[in-house]
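**Q** Coordinates in final-v7.tsv, TSV, C-alpha atoms, are listed below.
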```
chain	number	residue	atom	x	y	z
A	1	MET	CA	117.69	62.90	244.36
A	2	THR	CA	120.95	64.39	245.63
A	3	HIS	CA	121.82	63.61	249.20
A	4	PRO	CA	121.75	66.83	251.26
A	5	HIS	CA	125.17	66.11	252.78
A	6	ALA	CA	126.97	64.95	249.60
A	7	HIS	CA	129.01	68.14	249.41
A	8	ARG	CA	130.26	67.56	252.92
A	9	ARG	CA	131.68	64.17	251.97
A	10	LEU	CA	133.64	65.78	249.09
A	11	SER	CA	135.09	68.63	251.11
A	12	PRO	CA	138.07	66.69	252.56
A	13	PHE	CA	139.12	65.67	249.04
A	14	ARG	CA	138.79	69.22	247.84
A	15	GLU	CA	140.93	70.40	250.70
A	16	GLU	CA	143.61	67.82	249.85
A	17	VAL	CA	143.59	68.93	246.21
A	18	ARG	CA	143.86	72.55	247.27
A	19	ASP	CA	146.76	71.76	249.60
A	20	ALA	CA	148.56	69.64	246.97
A	21	VAL	CA	148.13	71.95	243.97
A	22	THR	CA	149.51	75.18	245.39
A	23	PRO	CA	150.28	78.19	243.19
A	24	ARG	CA	153.99	77.47	243.59
A	25	ALA	CA	153.54	73.83	242.54
A	26	THR	CA	151.45	74.94	239.58
A	27	LEU	CA	154.17	77.31	238.39
A	28	LEU	CA	156.83	74.60	238.75
A	29	VAL	CA	154.73	72.14	236.74
A	30	ILE	CA	154.25	74.76	234.03
A	31	GLY	CA	158.02	75.28	234.02
A	32	VAL	CA	158.62	71.54	233.61
A	33	VAL	CA	156.21	71.37	230.68
A	34	ALA	CA	157.99	74.36	229.11
A	35	LEU	CA	161.36	72.62	229.52
A	36	GLN	CA	159.89	69.48	227.96
A	37	LEU	CA	158.68	71.35	224.90
A	38	LEU	CA	161.93	73.29	224.61
A	39	PHE	CA	163.85	70.01	224.77
A	40	ILE	CA	161.86	68.64	221.84
A	41	ALA	CA	162.12	71.86	219.84
A	42	SER	CA	165.86	72.22	220.43
A	43	TYR	CA	166.91	68.65	219.65
A	44	VAL	CA	164.61	68.16	216.68
A	45	GLY	CA	165.30	71.67	215.39
A	46	ALA	CA	169.05	71.16	215.51
A	47	LEU	CA	169.29	67.58	214.32
A	48	HIS	CA	166.31	66.79	212.10
A	49	LYS	CA	167.85	67.98	208.83
A	50	PRO	CA	171.65	68.22	208.97
A	51	ARG	CA	173.43	69.56	205.94
A	52	PRO	CA	176.81	71.24	205.42
A	53	ARG	CA	176.84	75.02	205.43
A	54	ASP	CA	179.96	77.06	204.65
A	55	VAL	CA	182.36	74.32	205.66
A	56	PRO	CA	185.91	75.75	205.74
A	57	PHE	CA	187.54	73.95	202.83
A	58	GLY	CA	190.97	74.27	201.20
A	59	VAL	CA	191.87	74.01	197.52
A	60	VAL	CA	195.42	73.15	196.45
A	61	ALA	CA	196.04	73.57	192.70
A	62	PRO	CA	198.01	75.62	190.17
A	63	GLN	CA	196.74	79.19	189.77
A	64	ALA	CA	194.38	78.65	186.83
A	65	ALA	CA	193.04	75.34	188.08
A	66	ALA	CA	192.60	76.73	191.60
A	67	ALA	CA	190.47	79.65	190.42
A	68	ARG	CA	188.32	77.38	188.28
A	69	THR	CA	187.87	74.81	191.07
A	70	MET	CA	187.01	77.41	193.70
A	71	ALA	CA	184.45	79.03	191.41
A	72	ARG	CA	182.84	75.65	190.83
A	73	LEU	CA	182.69	74.93	194.58
A	74	GLU	CA	181.29	78.37	195.40
A	75	ARG	CA	178.41	77.83	192.97
A	76	LEU	CA	177.22	74.63	194.65
A	77	PRO	CA	173.53	74.83	195.70
A	78	GLY	CA	173.03	75.73	199.34
A	79	SER	CA	176.61	76.99	199.83
A	80	PRO	CA	177.88	73.80	201.48
A	81	LEU	CA	181.54	74.87	201.24
A	82	ASP	CA	183.56	77.96	202.03
A	83	PRO	CA	186.55	77.34	199.72
A	84	ARG	CA	189.89	79.07	200.13
A	85	GLU	CA	193.14	78.63	198.29
A	86	VAL	CA	195.95	76.87	200.20
A	87	ALA	CA	199.59	76.84	199.18
A	88	GLY	CA	200.51	73.18	198.98
A	89	GLU	CA	199.61	69.83	200.50
A	90	ALA	CA	201.76	70.35	203.60
A	91	ALA	CA	199.96	73.62	204.35
A	92	ALA	CA	196.59	71.94	203.84
A	93	ARG	CA	197.46	69.13	206.25
A	94	ARG	CA	198.75	71.64	208.79
A	95	GLN	CA	195.57	73.72	208.62
A	96	ILE	CA	193.43	70.62	209.06
A	97	LEU	CA	195.41	69.54	212.13
A	98	HIS	CA	195.10	73.08	213.53
A	99	ARG	CA	191.36	72.88	212.81
A	100	ASP	CA	191.37	75.93	210.58
A	101	ILE	CA	189.73	73.95	207.77
A	102	ASP	CA	187.75	70.70	207.76
A	103	GLY	CA	189.03	69.31	204.47
A	104	ALA	CA	190.99	70.08	201.32
A	105	LEU	CA	191.05	69.07	197.68
A	106	LEU	CA	194.42	68.48	196.03
A	107	VAL	CA	193.94	68.97	192.29
A	108	ASP	CA	196.23	67.07	189.94
A	109	PRO	CA	196.24	68.99	186.64
A	110	ALA	CA	198.28	66.27	184.97
A	111	GLY	CA	195.81	63.50	185.69
A	112	THR	CA	192.14	62.79	186.28
A	113	THR	CA	192.30	61.74	189.92
A	114	ASP	CA	192.33	64.33	192.71
A	115	THR	CA	192.94	63.78	196.42
A	116	LEU	CA	190.51	64.74	199.16
A	117	LEU	CA	191.91	65.31	202.67
A	118	VAL	CA	189.47	64.86	205.56
A	119	ALA	CA	189.64	64.42	209.35
A	120	SER	CA	187.13	61.90	210.69
A	121	GLY	CA	188.38	62.61	214.21
A	122	GLY	CA	186.50	65.90	214.00
A	123	GLY	CA	183.30	64.07	213.13
A	124	THR	CA	182.81	61.03	210.95
A	125	VAL	CA	179.53	62.38	209.56
A	126	LEU	CA	181.22	65.52	208.25
A	127	ALA	CA	184.09	63.59	206.70
A	128	THR	CA	181.64	61.26	204.94
A	129	THR	CA	179.53	64.20	203.77
A	130	LEU	CA	182.57	65.91	202.24
A	131	GLU	CA	183.59	62.71	200.51
A	132	ASN	CA	180.14	62.22	198.97
A	133	LEU	CA	179.89	65.86	197.96
A	134	LEU	CA	183.32	66.04	196.28
A	135	THR	CA	182.81	62.69	194.57
A	136	ALA	CA	179.67	64.09	192.90
A	137	VAL	CA	181.44	67.34	191.96
A	138	GLU	CA	184.40	65.49	190.44
A	139	ARG	CA	182.15	63.06	188.59
A	140	ALA	CA	180.45	65.98	186.85
A	141	GLU	CA	183.91	66.95	185.51
A	142	ASN	CA	184.73	63.36	184.50
A	143	ARG	CA	187.26	63.12	187.29
A	144	THR	CA	187.63	60.81	190.26
A	145	VAL	CA	188.69	61.44	193.83
A	146	ARG	CA	190.54	59.39	196.41
A	147	THR	CA	190.14	60.17	200.12
A	148	VAL	CA	192.93	60.44	202.68
A	149	ASP	CA	192.04	60.71	206.37
A	150	VAL	CA	194.56	63.07	207.97
A	151	ALA	CA	193.22	62.69	211.53
A	152	PRO	CA	191.26	59.43	211.63
A	153	ALA	CA	188.93	58.53	214.48
A	154	SER	CA	190.08	55.56	216.50
A	155	ALA	CA	188.67	52.10	215.83
A	156	GLY	CA	186.91	52.20	219.21
A	157	ASP	CA	185.27	55.55	218.54
A	158	PHE	CA	182.33	54.75	216.28
A	159	ASP	CA	181.19	57.82	214.32
A	160	GLY	CA	183.50	59.96	216.47
A	161	LEU	CA	180.88	60.28	219.20
A	162	SER	CA	182.95	59.22	222.20
A	163	SER	CA	184.21	62.76	222.84
A	164	PHE	CA	180.68	64.10	222.86
A	165	TYR	CA	179.30	61.45	225.21
A	166	LEU	CA	182.27	61.89	227.51
A	167	VAL	CA	181.55	65.62	227.83
A	168	VAL	CA	177.83	64.97	228.27
A	169	GLY	CA	178.66	62.69	231.19
A	170	TRP	CA	180.88	65.32	232.77
A	171	SER	CA	178.20	68.00	232.29
A	172	VAL	CA	175.41	65.86	233.73
A	173	GLY	CA	177.56	65.05	236.74
A	174	GLY	CA	178.27	68.75	237.23
A	175	TYR	CA	174.70	70.01	237.38
A	176	LEU	CA	173.34	66.97	239.25
A	177	CYS	CA	175.98	67.24	241.96
A	178	ALA	CA	175.47	70.99	242.25
A	179	SER	CA	171.71	70.50	242.50
A	180	ILE	CA	172.10	67.99	245.30
A	181	LEU	CA	174.50	70.26	247.18
A	182	ALA	CA	172.16	73.21	246.76
A	183	ILE	CA	168.92	71.60	247.90
A	184	SER	CA	170.42	69.50	250.70
A	185	ALA	CA	170.10	72.39	253.17
A	186	GLY	CA	167.46	74.63	251.63
A	187	ALA	CA	166.66	76.19	248.33
A	188	ARG	CA	169.28	78.96	248.59
A	189	ALA	CA	172.83	79.24	249.84
A	190	ALA	CA	172.51	80.23	253.48
A	191	ASN	CA	175.70	82.24	253.79
A	192	PRO	CA	179.08	82.77	252.08
A	193	ARG	CA	180.73	80.13	254.24
A	194	ARG	CA	178.27	77.44	253.18
A	195	ALA	CA	178.53	78.58	249.55
A	196	ALA	CA	182.32	78.27	249.72
A	197	ILE	CA	182.00	74.78	251.18
A	198	ARG	CA	179.70	73.76	248.34
A	199	LEU	CA	182.11	75.13	245.76
A	200	GLY	CA	184.94	73.23	247.42
A	201	ALA	CA	182.91	70.02	247.37
A	202	MET	CA	182.09	70.69	243.70
A	203	ALA	CA	185.80	71.05	242.90
A	204	LEU	CA	186.53	67.72	244.57
A	205	VAL	CA	183.74	65.99	242.67
A	206	ALA	CA	184.99	67.56	239.42
A	207	ALA	CA	188.50	66.22	239.98
A	208	VAL	CA	187.24	62.70	240.72
A	209	GLY	CA	184.72	62.70	237.87
A	210	GLY	CA	187.22	64.10	235.40
A	211	LEU	CA	189.74	61.40	236.21
A	212	GLY	CA	187.13	58.65	236.13
A	213	GLY	CA	185.85	59.69	232.71
A	214	ALA	CA	189.35	59.94	231.27
A	215	VAL	CA	190.26	56.48	232.55
A	216	ILE	CA	187.05	54.91	231.23
A	217	VAL	CA	187.34	56.25	227.66
A	218	GLY	CA	191.09	55.73	227.58
A	219	PRO	CA	192.70	52.69	229.23
A	220	VAL	CA	189.44	50.86	230.02
A	221	LEU	CA	187.51	51.08	226.74
A	222	GLY	CA	190.19	52.31	224.33
A	223	ALA	CA	187.71	54.73	222.80
A	224	LEU	CA	189.83	57.89	222.79
A	225	PRO	CA	193.57	58.46	222.43
A	226	GLY	CA	195.23	61.62	223.64
A	227	GLY	CA	196.39	60.75	227.15
A	228	VAL	CA	194.64	60.47	230.50
A	229	LEU	CA	196.19	63.55	232.09
A	230	ARG	CA	194.98	66.01	229.48
A	231	LEU	CA	191.49	64.55	229.36
A	232	TRP	CA	191.45	64.54	233.17
A	233	GLY	CA	192.21	68.25	233.28
A	234	LEU	CA	189.54	68.97	230.69
A	235	GLY	CA	186.99	66.83	232.51
A	236	ALA	CA	187.64	68.53	235.85
A	237	LEU	CA	187.27	71.96	234.24
A	238	VAL	CA	184.03	71.13	232.37
A	239	THR	CA	182.44	69.43	235.39
A	240	PHE	CA	183.32	72.30	237.72
A	241	ALA	CA	182.21	74.92	235.19
A	242	VAL	CA	178.77	73.35	234.87
A	243	GLY	CA	178.50	72.74	238.62
A	244	ALA	CA	179.55	76.27	239.58
A	245	ALA	CA	177.15	77.77	237.05
A	246	THR	CA	174.33	75.63	238.47
A	247	LEU	CA	175.14	76.73	242.03
A	248	ALA	CA	175.11	80.35	240.88
A	249	LEU	CA	171.76	80.06	239.12
A	250	GLN	CA	170.26	78.23	242.07
A	251	GLY	CA	171.63	80.80	244.52
A	252	ILE	CA	170.08	83.64	242.52
A	253	PHE	CA	166.76	82.12	241.44
A	254	GLY	CA	166.19	79.35	243.98
A	255	ILE	CA	164.92	76.00	242.76
A	256	VAL	CA	164.04	77.60	239.43
A	257	GLY	CA	167.77	78.03	238.87
A	258	ILE	CA	168.16	74.26	238.54
A	259	GLY	CA	165.69	74.36	235.66
A	260	LEU	CA	167.68	77.19	234.08
A	261	ALA	CA	170.85	75.09	234.35
A	262	ILE	CA	169.09	72.23	232.56
A	263	LEU	CA	167.94	74.71	229.92
A	264	LEU	CA	171.49	75.93	229.28
A	265	VAL	CA	173.36	72.63	229.51
A	266	VAL	CA	170.94	69.98	228.29
A	267	ILE	CA	168.40	71.74	226.11
A	268	ALA	CA	170.62	74.38	224.48
A	269	GLY	CA	174.10	72.96	225.06
A	270	ASN	CA	173.91	69.32	224.00
A	271	PRO	CA	172.31	69.61	220.54
A	272	SER	CA	174.59	72.55	219.69
A	273	ALA	CA	177.77	70.86	220.94
A	274	GLY	CA	178.71	69.43	217.54
A	275	GLY	CA	178.53	65.87	218.80
A	276	ALA	CA	176.07	63.96	216.68
A	277	PHE	CA	176.67	66.40	213.83
A	278	PRO	CA	179.71	68.70	213.74
A	279	LEU	CA	179.13	72.44	213.90
A	280	PRO	CA	179.27	73.10	210.11
A	281	MET	CA	176.24	70.80	209.70
A	282	LEU	CA	174.02	72.51	212.29
A	283	PRO	CA	171.48	75.29	211.62
A	284	PRO	CA	172.80	78.83	212.18
A	285	PHE	CA	171.34	79.36	215.67
A	286	TRP	CA	172.78	76.19	217.18
A	287	ARG	CA	176.02	76.62	215.27
A	288	THR	CA	176.41	80.07	216.85
A	289	ILE	CA	175.62	79.26	220.48
A	290	GLY	CA	177.37	75.88	220.62
A	291	PRO	CA	180.98	77.05	221.09
A	292	ALA	CA	179.91	79.47	223.86
A	293	LEU	CA	178.35	76.76	226.08
A	294	PRO	CA	180.23	74.19	228.20
A	295	PRO	CA	179.14	71.07	226.23
A	296	GLY	CA	180.23	72.60	222.92
A	297	ALA	CA	183.50	73.91	224.28
A	298	GLY	CA	184.20	70.58	225.98
A	299	THR	CA	183.42	68.49	222.90
A	300	TRP	CA	185.69	70.63	220.71
A	301	ALA	CA	188.51	70.42	223.27
A	302	ALA	CA	188.15	66.66	223.74
A	303	ARG	CA	188.43	66.05	220.00
A	304	SER	CA	191.40	68.38	219.77
A	305	ILE	CA	193.17	66.44	222.52
A	306	ALA	CA	192.30	63.05	221.07
A	307	TYR	CA	192.91	63.60	217.34
A	308	PHE	CA	194.47	66.99	216.60
A	309	ARG	CA	197.59	66.94	218.79
A	310	SER	CA	195.94	69.29	221.32
A	311	ASN	CA	195.77	72.11	218.77
A	312	ALA	CA	193.07	74.81	218.83
A	313	LEU	CA	192.39	74.39	222.54
A	314	THR	CA	192.69	77.98	223.75
A	315	SER	CA	189.25	79.34	222.89
A	316	SER	CA	187.33	76.34	224.22
A	317	LEU	CA	189.32	76.24	227.45
A	318	LEU	CA	188.74	79.96	227.95
A	319	VAL	CA	185.00	79.43	227.52
A	320	ALA	CA	184.91	76.69	230.16
A	321	ALA	CA	187.13	78.74	232.50
A	322	ALA	CA	184.85	81.76	232.08
A	323	TRP	CA	181.81	79.69	233.07
A	324	ALA	CA	183.68	78.36	236.09
A	325	ALA	CA	184.87	81.80	237.21
A	326	ALA	CA	181.46	83.40	236.70
A	327	GLY	CA	179.83	80.56	238.64
A	328	VAL	CA	182.17	81.01	241.61
A	329	VAL	CA	181.76	84.80	241.74
A	330	LEU	CA	177.97	84.78	241.35
A	331	THR	CA	177.52	81.96	243.88
A	332	LEU	CA	179.47	83.87	246.53
A	333	LEU	CA	177.78	87.18	245.68
A	334	ALA	CA	174.32	85.60	245.88
A	335	ALA	CA	175.13	84.10	249.29
A	336	TRP	CA	176.61	87.36	250.57
A	337	SER	CA	173.64	89.36	249.28
A	338	ARG	CA	171.17	87.02	250.93
A	339	GLN	CA	173.05	87.14	254.24
A	340	ARG	CA	173.11	90.93	254.13
A	341	ARG	CA	169.39	91.05	253.37
A	342	GLN	CA	168.64	88.73	256.28
A	343	ARG	CA	170.67	90.91	258.65
A	344	GLN	CA	168.84	94.01	257.50
A	345	GLU	CA	165.50	92.29	258.02
A	346	GLN	CA	166.54	91.17	261.50
A	347	GLU	CA	167.77	94.65	262.41
A	348	GLY	CA	164.56	96.12	261.04
A	349	GLY	CA	162.54	93.70	263.17
A	350	ARG	CA	164.45	94.63	266.28
A	351	GLY	CA	163.91	98.32	265.54
A	352	GLU	CA	160.19	97.79	265.21
A	353	GLN	CA	160.13	95.91	268.51
A	354	ARG	CA	162.01	98.74	270.26
A	355	GLN	CA	159.64	101.26	268.71
A	356	GLU	CA	156.60	99.32	269.93
A	357	GLN	CA	158.10	99.08	273.41
A	358	SER	CA	158.81	102.83	273.49
A	359	TYR	CA	155.14	103.57	272.78
A	360	GLU	CA	153.74	100.93	275.15
A	361	PRO	CA	151.48	102.66	277.78
A	362	GLU	CA	152.74	102.52	281.35
A	363	PRO	CA	150.76	100.29	283.67
A	364	THR	CA	148.38	102.02	286.03
A	365	GLY	CA	147.92	101.17	289.66
A	366	ASP	CA	149.37	101.87	293.04
A	367	GLY	CA	152.59	103.80	292.49
A	368	ALA	CA	153.14	102.47	289.00
A	369	SER	CA	153.59	105.89	287.45
A	370	GLY	CA	156.09	106.98	290.02
A	371	ARG	CA	154.13	110.12	290.90
A	372	ALA	CA	154.57	111.55	294.34
A	373	ASP	CA	150.83	111.89	295.00
A	374	GLU	CA	150.08	108.21	294.32
A	375	PRO	CA	150.43	105.53	296.96
A	376	SER	CA	153.56	103.41	296.65
A	377	PRO	CA	153.63	99.63	296.71
A	378	ARG	CA	155.28	99.86	300.13
A	379	GLY	CA	152.30	101.81	301.39
A	380	ALA	CA	149.94	99.25	300.00
A	381	ALA	CA	151.86	96.47	301.63
A	382	ALA	CA	151.62	98.36	304.94
A	383	GLY	CA	147.86	98.10	304.91
A	384	ARG	CA	146.74	101.24	303.07
A	385	PRO	CA	143.45	100.99	301.16
A	386	ARG	CA	143.69	99.58	297.66
A	387	ASN	CA	141.49	100.16	294.65
A	388	ASP	CA	140.34	96.67	293.60
A	389	THR	CA	138.96	98.04	290.39
A	390	PHE	CA	142.52	98.42	289.08
A	391	THR	CA	144.39	95.73	290.97
A	392	ASP	CA	142.06	92.80	290.33
A	393	PRO	CA	140.43	93.10	286.91
A	394	ASP	CA	139.31	89.44	286.99
A	395	ARG	CA	136.67	90.10	289.59
A	396	ALA	CA	133.17	90.10	288.21
A	397	ASP	CA	132.03	93.02	290.34
```
Translate the structure described by the file into structure tokens.

**A**
Amino acid sequence: MTHPHAHRRLSPFREEVRDAVTPRATLLVIGVVALQLLFIASYVGALHKPRPRDVPFGVVAPQAAAARTMARLERLPGSPLDPREVAGEAAARRQILHRDIDGALLVDPAGTTDTLLVASGGGTVLATTLENLLTAVERAENRTVRTVDVAPASAGDFDGLSSFYLVVGWSVGGYLCASILAISAGARAANPRRAAIRLGAMALVAAVGGLGGAVIVGPVLGALPGGVLRLWGLGALVTFAVGAATLALQGIFGIVGIGLAILLVVIAGNPSAGGAFPLPMLPPFWRTIGPALPPGAGTWAARSIAYFRSNALTSSLLVAAAWAAAGVVLTLLAAWSRQRRQRQEQEGGRGEQRQEQSYEPEPTGDGASGRADEPSPRGAAAGRPRNDTFTDPDRAD
């Protein structure tokens, strides 16, 4: 038999559950689950089956041999290569160092051994894939191939991943620092002055973090060549770009903006950055969005600094600078817009108060209305009769 007061004993628990699981908390939990699933879909979708697609590839050979070789490479299943004729070995090396192509085949019509030029500094996986692919192609023609690494990855940079992890560290520092600055005094930037202070603090953190990362991968660990100063500048730019973008998103959307920053930087940006697998080995979607996001732009620039004599930096630096500039402008605009909205609400509240006061009925009583035929307070004080019905409403009679 159920105790008649059992439901009363459960009511405090139900109230605690109701207070804990608010609609806002429910929406945030749903958002976290969505980010979790997007994380899995993005990383597995981008990295579960890497294969080369339309890799820019040079062919150096006499006219007849070049046409025959290019036709053979174009017919490969899955279109792994995008072959183009290059005029000479020097031109092929130059285009590789300028990152116009990822490899080149030097055909020797007088012999049976051709030379493959690769650049493991741009990604060891891609260089190895090209070597395996061209070895199989040459074997089918009863030829052999020898590989020459034009821009080799350093001995301390296993698989050429140090550039990627360096940029990931800078990016994580950017959005974590911005998130802390944003939520330390409320979910939104209170005013333009506070927003400017946060952006200034973000710039300082970016400078320190950029220098620290450059020193760690350079002099401390010997993972990346290229010089501390250039990597420092890149690190400061990437960190500030991510941080400013996070502040902007948080200023516009509140705490949800932090989740959007994670979506852009971690879920979309990292797997498409060309780190674990260079861009030519990624599926079309990730290959397209990667260069437009800070992790992809930063990874490309870091490899260019370390292994390609700082060539092909302009586009990636412009991408990072655009994110930084947009973050600054939107952060300040969001703060200014919020301040303006608050002022309008305050002015509207004051107007309503004045309107209520203007319609407030005048008190009744001895001389309160100011009419000449009503007794004045002075007369009442002089001993004139008073109407207790109006002057003392607390009396029971």

**Q** Within 10 Å of region 191-193 of chain A, counting all atoms listed in the file, which residues qualify if same-chain residues fewer than 5 places away don't, as an NGL selection string?

**A** :A and (198-199 or 331-340 or 342)

**Q** With all atoms listed in the file as the atoms that count, which of A:Ile289, A:Ala151, A:Ala61, A:Ala326 lies nearest to Gly121 (chain A)?

**A**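 Checking each candidate against Gly121 (chain A), we get A:Ala151 as the closest.
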
**Q** Could you tell me which of A:Ala34, A:Leu293, A:Ile96, A:Val205 comes closest to Phe240 (chain A) if we count only C-alpha atoms?

**A** A:Val205

**Q** Give me, please, the distance in Å between CA of Phe253 (chain A) and CA of Gly169 (chain A), quoted to one decimal.

**A** 25.0 Å

**Q** Taking only C-alpha atoms into account, which of A:Leu28, A:Val55, A:Leu38, A:Leu260 comes nearest Leu247 (chain A)?

**A**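 Nearest to Leu247 (chain A): A:Leu260.
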
**Q** Where does region 56-122 of chain A meet region 130-136 of chain A within 10 Å, residue by residue, with the nearest atom pair and distance in Å to one decimal for each, counting all atoms listed in the file, listed by chain and rising number, as JSON lines?

**A**
```
{"residue": "A:Phe57", "atom": "CA", "partner": "A:Leu130", "partner_atom": "CA", "distance": 9.5}
{"residue": "A:Leu73", "atom": "CA", "partner": "A:Leu134", "partner_atom": "CA", "distance": 9.1}
{"residue": "A:Leu76", "atom": "CA", "partner": "A:Leu133", "partner_atom": "CA", "distance": 9.7}
{"residue": "A:Pro80", "atom": "CA", "partner": "A:Leu133", "partner_atom": "CA", "distance": 8.9}
{"residue": "A:Leu81", "atom": "CA", "partner": "A:Leu130", "partner_atom": "CA", "distance": 9.1}
{"residue": "A:Asp102", "atom": "CA", "partner": "A:Leu130", "partner_atom": "CA", "distance": 9.0}
{"residue": "A:Gly103", "atom": "CA", "partner": "A:Leu130", "partner_atom": "CA", "distance": 7.6}
{"residue": "A:Ala104", "atom": "CA", "partner": "A:Leu130", "partner_atom": "CA", "distance": 9.4}
{"residue": "A:Leu105", "atom": "CA", "partner": "A:Leu134", "partner_atom": "CA", "distance": 8.4}
{"residue": "A:Asp114", "atom": "CA", "partner": "A:Thr135", "partner_atom": "CA", "distance": 9.8}
{"residue": "A:Thr115", "atom": "CA", "partner": "A:Leu134", "partner_atom": "CA", "distance": 9.9}
{"residue": "A:Leu116", "atom": "CA", "partner": "A:Glu131", "partner_atom": "CA", "distance": 7.3}
{"residue": "A:Leu117", "atom": "CA", "partner": "A:Glu131", "partner_atom": "CA", "distance": 9.0}
{"residue": "A:Val118", "atom": "CA", "partner": "A:Leu130", "partner_atom": "CA", "distance": 7.7}
```

**Q** Could those residues be written to a file, using C-alpha atoms, as a tab-separated table (two decimals), in the frame of the given file?

**A**
```
chain	number	residue	atom	x	y	z
A	57	PHE	CA	187.54	73.95	202.83
A	73	LEU	CA	182.69	74.93	194.58
A	76	LEU	CA	177.22	74.63	194.65
A	80	PRO	CA	177.88	73.80	201.48
A	81	LEU	CA	181.54	74.87	201.24
A	102	ASP	CA	187.75	70.70	207.76
A	103	GLY	CA	189.03	69.31	204.47
A	104	ALA	CA	190.99	70.08	201.32
A	105	LEU	CA	191.05	69.07	197.68
A	114	ASP	CA	192.33	64.33	192.71
A	115	THR	CA	192.94	63.78	196.42
A	116	LEU	CA	190.51	64.74	199.16
A	117	LEU	CA	191.91	65.31	202.67
A	118	VAL	CA	189.47	64.86	205.56
```

**Q** Out of A:Ile267, A:Ala244, A:Leu97, A:Ala306, which residue has the shortest atom-to-atom distance to Val328 (chain A) when counting only C-alpha atoms?

**A**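 For Val328 (chain A), the nearest of the candidates is A:Ala244.
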
**Q** My list of candidates is A:Ile101, A:Ala214, A:Ala182, A:Ile305. Which is closest to Trp232 (chain A) when distances are computed with all atoms listed in the file?

**A** A:Ala214

**Q** Would you pick out the contacts of Gly222 (chain A) at 10 Å or less, using all atoms listed in the file, so that residues sharing its chain but fewer than 5 positions from it are not included, and give the list as a list in words?

**A** Ser154, Ala155, Gly156, Asp157, Val215, Ile216 and Val217 of chain A

**Q** Do you have the CA of Phe277 (chain A)-CA of Gly58 (chain A) distance handy?

**A**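 Spanning CA of Phe277 (chain A) to CA of Gly58 (chain A) is a straight-line distance of 20.6 Å.
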
**Q** Can you tell me, as a ChimeraX atom specification, what residues are no more than 12 Å from Ile40 (chain A) when counting all atoms listed in the file, ignoring any on the same chain fewer than 5 positions away?

**A** /A:33-35,45-48,263,266-268,271
